[in-house]
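target.txt, holding compact mmCIF, C-alpha atoms and all ligand atoms:
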```txt
# COMPACT_ATOMS: atom_id res chain seq x y z
CA MET A 1 -10.21 87.60 144.54
CA ASN A 2 -8.51 90.71 143.19
CA GLU A 3 -5.96 89.92 140.44
CA ASP A 4 -3.36 92.40 141.77
CA ILE A 5 -3.48 90.77 145.20
CA LEU A 6 -3.08 87.30 143.66
CA ARG A 7 -0.11 88.47 141.54
CA ALA A 8 1.50 89.87 144.71
CA ASP A 9 0.79 86.57 146.54
CA ILE A 10 2.55 84.57 143.80
CA VAL A 11 5.61 86.86 144.04
CA ARG A 12 5.67 86.66 147.85
CA TYR A 13 5.21 82.88 148.07
CA GLY A 14 7.63 82.26 145.19
CA ALA A 15 10.35 84.18 147.06
CA LEU A 16 9.54 82.30 150.28
CA LEU A 17 9.79 78.88 148.57
CA TYR A 18 13.07 79.91 146.92
CA THR A 19 14.57 81.26 150.16
CA ARG A 20 13.60 78.09 152.00
CA GLY A 21 15.32 75.93 149.38
CA LEU A 22 12.14 74.26 148.13
CA ALA A 23 12.57 75.91 144.71
CA HIS A 24 15.90 76.27 142.94
CA GLY A 25 17.21 77.60 139.63
CA SER A 26 14.25 78.14 137.28
CA ALA A 27 12.51 74.91 138.30
CA GLY A 28 8.90 74.81 139.44
CA ASN A 29 5.75 76.76 138.73
CA LEU A 30 2.84 78.22 140.71
CA SER A 31 -0.66 79.11 139.57
CA VAL A 32 -3.92 80.51 140.92
CA ARG A 33 -7.38 80.40 139.38
CA LEU A 34 -9.24 83.67 138.78
CA ASP A 35 -13.01 84.10 139.15
CA ASP A 36 -13.59 83.90 135.35
CA GLY A 37 -11.73 80.57 135.07
CA ALA A 38 -8.52 82.03 133.60
CA ILE A 39 -5.33 81.36 135.57
CA LEU A 40 -2.28 83.33 136.64
CA VAL A 41 0.81 81.15 136.22
CA THR A 42 4.52 81.78 136.60
CA PRO A 43 6.38 82.47 133.33
CA THR A 44 8.44 79.74 131.68
CA ASN A 45 12.12 79.69 132.68
CA SER A 46 11.56 82.18 135.49
CA SER A 47 13.09 81.82 138.94
CA LEU A 48 10.43 81.68 141.64
CA GLY A 49 12.76 83.75 143.81
CA PHE A 50 12.76 86.78 141.51
CA LEU A 51 9.27 87.18 140.03
CA LYS A 52 7.72 90.54 139.17
CA PRO A 53 3.92 90.91 139.40
CA GLU A 54 3.48 92.27 135.86
CA GLN A 55 5.52 89.41 134.31
CA ILE A 56 3.22 86.71 135.67
CA SER A 57 1.35 85.12 132.77
CA LYS A 58 -2.41 85.07 132.39
CA VAL A 59 -3.82 82.09 130.49
CA SER A 60 -7.47 81.41 129.60
CA ALA A 61 -9.20 78.23 130.82
CA LYS A 62 -8.69 76.88 127.29
CA GLY A 63 -4.93 77.55 127.38
CA THR A 64 -4.65 80.79 125.37
CA HIS A 65 -1.93 83.19 126.53
CA ILE A 66 -3.68 86.47 127.40
CA ALA A 67 -1.12 88.65 129.21
CA GLY A 68 2.32 88.76 130.83
CA ASP A 69 5.43 86.81 129.82
CA PRO A 70 5.13 83.43 128.00
CA PRO A 71 3.59 80.97 130.48
CA SER A 72 5.09 77.89 132.10
CA LYS A 73 5.33 74.96 129.70
CA GLU A 74 3.36 73.08 132.38
CA ALA A 75 0.34 75.45 132.20
CA PHE A 76 -1.57 72.58 130.55
CA PHE A 77 -1.27 70.26 133.52
CA HIS A 78 -2.29 73.13 135.80
CA LEU A 79 -5.41 73.62 133.64
CA ALA A 80 -6.11 69.87 133.68
CA VAL A 81 -6.06 69.86 137.51
CA TYR A 82 -8.39 72.89 137.67
CA ASP A 83 -10.80 71.18 135.23
CA GLU A 84 -10.95 68.06 137.38
CA ARG A 85 -10.98 69.76 140.80
CA PRO A 86 -13.60 72.53 140.92
CA ALA A 87 -12.70 73.42 144.54
CA ALA A 88 -9.00 73.95 143.72
CA ASN A 89 -7.87 77.57 143.32
CA ALA A 90 -4.09 77.15 143.42
CA ILE A 91 -1.39 74.70 142.32
CA VAL A 92 2.23 74.26 143.37
CA HIS A 93 4.71 72.23 141.32
CA LEU A 94 8.32 72.18 142.55
CA HIS A 95 11.40 70.00 142.23
CA SER A 96 12.22 69.79 145.96
CA THR A 97 14.96 67.29 146.74
CA HIS A 98 13.32 64.61 148.88
CA ALA A 99 10.06 64.45 146.94
CA VAL A 100 11.99 64.22 143.66
CA ALA A 101 14.16 61.46 145.17
CA VAL A 102 10.96 59.45 145.88
CA SER A 103 9.87 60.09 142.27
CA CYS A 104 13.10 58.44 141.03
CA LEU A 105 12.70 55.21 143.03
CA CYS A 106 11.35 51.99 141.51
CA HIS A 107 7.83 51.62 142.91
CA LYS A 108 6.10 48.22 142.86
CA ASP A 109 2.76 49.96 143.13
CA SER A 110 2.04 53.37 141.63
CA PHE A 111 -1.23 53.58 143.60
CA ASP A 112 0.46 55.20 146.63
CA VAL A 113 4.22 55.75 146.74
CA LEU A 114 4.67 56.85 150.37
CA PRO A 115 3.79 54.65 153.37
CA PRO A 116 1.37 56.19 155.92
CA LEU A 117 3.86 57.67 158.39
CA THR A 118 2.14 60.62 160.05
CA ALA A 119 -1.30 62.08 160.73
CA TYR A 120 -0.53 65.35 158.91
CA GLN A 121 0.59 63.40 155.82
CA ILE A 122 -2.89 61.84 155.68
CA MET A 123 -4.66 65.11 156.51
CA ARG A 124 -2.79 67.36 154.06
CA ILE A 125 -1.78 65.00 151.22
CA GLY A 126 -3.64 61.70 151.35
CA ARG A 127 -2.78 58.95 148.93
CA LEU A 128 0.09 59.91 146.58
CA PRO A 129 -0.07 58.19 143.17
CA LEU A 130 2.84 58.14 140.72
CA VAL A 131 2.14 59.67 137.30
CA PRO A 132 4.11 57.84 134.54
CA TYR A 133 7.10 59.68 133.10
CA TYR A 134 6.66 62.12 130.19
CA ARG A 135 9.03 64.97 129.38
CA PRO A 136 8.25 68.38 130.93
CA GLY A 137 5.71 70.25 128.79
CA ASP A 138 4.47 67.13 126.95
CA ARG A 139 0.67 67.30 126.51
CA LYS A 140 0.62 63.56 127.30
CA LEU A 141 1.82 64.54 130.79
CA ALA A 142 -1.20 66.85 131.14
CA ASP A 143 -3.49 63.98 129.98
CA ALA A 144 -1.98 61.58 132.53
CA VAL A 145 -2.38 64.21 135.27
CA ARG A 146 -6.01 64.77 134.24
CA GLY A 147 -6.70 61.05 134.69
CA LEU A 148 -5.68 61.14 138.38
CA ALA A 149 -6.44 64.72 139.45
CA GLY A 150 -10.14 64.23 140.31
CA GLU A 151 -9.24 61.75 143.05
CA HIS A 152 -6.02 63.28 144.32
CA LYS A 153 -5.00 66.58 145.84
CA ALA A 154 -1.35 65.60 145.29
CA MET A 155 0.39 63.51 142.63
CA LEU A 156 4.03 62.64 142.03
CA LEU A 157 5.39 62.89 138.49
CA ALA A 158 7.90 60.09 137.89
CA ASN A 159 11.52 61.31 137.70
CA HIS A 160 10.29 64.88 138.05
CA GLY A 161 8.39 66.07 141.18
CA PRO A 162 5.04 66.68 142.90
CA ILE A 163 1.94 68.61 141.83
CA VAL A 164 -0.16 69.76 144.79
CA SER A 165 -3.45 71.66 144.60
CA GLY A 166 -5.33 73.57 147.28
CA LYS A 167 -8.25 75.88 147.90
CA SER A 168 -5.77 78.77 148.16
CA LEU A 169 -2.07 79.29 147.45
CA GLN A 170 -1.36 79.09 151.16
CA ASP A 171 -3.29 75.81 151.45
CA ALA A 172 -1.45 74.28 148.47
CA ILE A 173 1.93 75.40 149.85
CA HIS A 174 1.20 73.98 153.31
CA ALA A 175 0.32 70.65 151.67
CA TYR A 176 3.43 70.80 149.45
CA GLU A 177 5.65 71.43 152.49
CA GLU A 178 4.03 68.51 154.31
CA LEU A 179 4.78 66.30 151.30
CA GLU A 180 8.45 67.34 151.15
CA GLU A 181 8.83 66.77 154.91
CA THR A 182 7.11 63.37 154.65
CA ALA A 183 9.50 62.38 151.86
CA LYS A 184 12.42 63.45 154.07
CA LEU A 185 11.03 61.36 156.95
CA PHE A 186 10.61 58.41 154.59
CA PHE A 187 14.36 58.40 153.88
CA LEU A 188 15.24 59.03 157.55
CA VAL A 189 13.32 56.01 158.85
CA GLN A 190 14.26 53.65 156.03
CA SER A 191 16.11 50.51 157.13
CA ARG A 192 14.62 50.85 160.65
CA PRO A 193 11.53 49.00 161.90
CA VAL A 194 8.68 51.48 161.30
CA SER A 195 5.30 51.68 162.97
CA LEU A 196 2.88 52.74 160.23
CA LEU A 197 -0.55 54.25 160.77
CA THR A 198 -3.22 51.55 160.81
CA CYS A 199 -6.15 51.45 158.36
CA GLU A 200 -8.42 52.40 161.30
CA ALA A 201 -6.28 55.44 162.17
CA ILE A 202 -6.29 56.56 158.51
CA ALA A 203 -10.06 56.12 158.27
CA GLU A 204 -10.56 58.17 161.45
CA LEU A 205 -8.34 61.00 160.09
CA ASN A 206 -10.23 61.03 156.79
CA ASP A 207 -13.50 61.10 158.69
CA VAL A 208 -12.59 63.88 161.14
CA PHE A 209 -10.52 65.95 158.66
CA PRO A 210 -12.13 65.49 155.22
CA SER A 211 -10.10 67.19 152.45
P1 LIG B 1 8.70 76.20 133.35
O1 LIG B 1 9.94 77.04 133.54
O2 LIG B 1 8.23 76.17 131.92
O3 LIG B 1 7.63 76.59 134.34
O4 LIG B 1 9.10 74.71 133.68
C1 LIG B 1 9.73 74.45 134.91
C2 LIG B 1 9.38 73.12 135.43
O5 LIG B 1 9.38 72.94 136.63
C3 LIG B 1 9.06 72.04 134.49
O6 LIG B 1 8.40 71.00 135.13
```
Target format structure tokens, applied to this file:
Amino acid sequence: MNEDILRADIVRYGALLYTRGLAHGSAGNLSVRLDDGAILVTPTNSSLGFLKPEQISKVSAKGTHIAGDPPSKEAFFHLAVYDERPAANAIVHLHSTHAVAVSCLCHKDSFDVLPPLTAYQIMRIGRLPLVPYYRPGDRKLADAVRGLAGEHKAMLLANHGPIVSGKSLQDAIHAYEELEETAKLFFLVQSRPVSLLTCEAIAELNDVFPS
């Protein structure tokens, strides 16, 4: 895909996420993979609501800054996900309220931190593992993400927020929005008797709608 179009897409979707309240302040980062394996990633400390196409950073597959403003400090976990998921072409990492709230809870089992509530949760997100806490930008965070990325389209960074990948920026954003809405539902239904999807229903969804 043409680099200018992808830069414009990042600006457009960044503004949309900011306007919708999914991104705030200078939190969060977006990236897309180019045909040669380099990535376009939002600059560090930038607001997703006010990006300019020429400022967006270009980083090689090995992590070298090639063009644009200095890249997100999380570029290394973006690269780790691209390494482990050859079909992924875009990544969304935000600090949206409900998903971050789930990331701050004590979880008995880090294998999957949201119960199976809805069909679209299974279809767009699947199992959501918790990645242990490391400070933003720590290379150990990128290593921990690498360990889970091959198996998971979406992961939740403890006390931080989700990372969601997709075959396109639109696909990754749709999945991210589904995750935030699922987290909101999780808090809405808490303390009420909940009817969860059965193992059979989940298996059927995975069969009919493979990710
Ligand atoms: P950057 O501003 O470096 O992209 O970091 C923001 C963030 O969301 C850290 O996780």
Practice problem: Please identify the residues whose atoms come within 12 Å of ligand LIG 1 (chain B), using only C-alpha atoms and all ligand atoms, and report them as a PyMOL selection string. | Solution: chain A and resi 22-31+41-48+56-57+69-78+92-96+100+133-138+141-142+156-163
As a check of understanding: the span from atom CA of Met123 of chain A to atom CA of Thr198 of chain A is 14.3 Å
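Proximity ranking of A:Ala90, A:Met1, A:Ile39, A:Ala119 relative to Ser168 of chain A places A:Ala90 first, based on all atoms listed in the file.
With all atoms listed in the file as the atoms that count, the residue of A:Phe187, A:Tyr82, A:Tyr120, A:Tyr18 with the shortest distance to Ala175 of chain A is A:Tyr120.
Counting all atoms listed in the file and comparing A:Val11, A:Leu148, A:Ala183, A:Leu17, the residue that lies closest to Thr118 of chain A is A:Ala183.
Using only C-alpha atoms, the shortest contact distance between Glu181 of chain A and any of A:Gln121, A:Gly14, A:Pro53, A:Pro115 is found at A:Gln121.
The residue that comes closest to Glu204 of chain A, out of A:Ile122, A:Ala80, A:Ile10, A:Val102 and on the basis of only C-alpha atoms, is A:Ile122.
Distance annotation: of A:Pro129, A:Val208, A:Asp143, A:Pro86, the residue with the minimal separation from Asp109 of chain A is A:Pro129; atom set is all atoms listed in the file.
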Exercise: residues within 8 Å of coordinate (-3.0, 62.7, 144.9), counting all atoms listed in the file, as a PyMOL selection string = chain A and resi 125-129+148-149+151-156+164
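Taking atom CA of Val32 of chain A and atom CA of Ala8 of chain A as the two end points, the separation is 11.5 Å.
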To box segment 99-112 of chain A, take all atoms listed in the file, fit an axis-aligned box, add 8 Å on each side, and give centre and edge lengths in Å to one decimal, as AutoDock Vina command-line options.
```
--center_x 6.5 --center_y 56.3 --center_z 144.0 --size_x 31.4 --size_y 32.2 --size_z 21.9
```
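Counting from atom CA of Val145 of chain A, the distance to atom CA of Ser165 of chain A is 12.0 Å.
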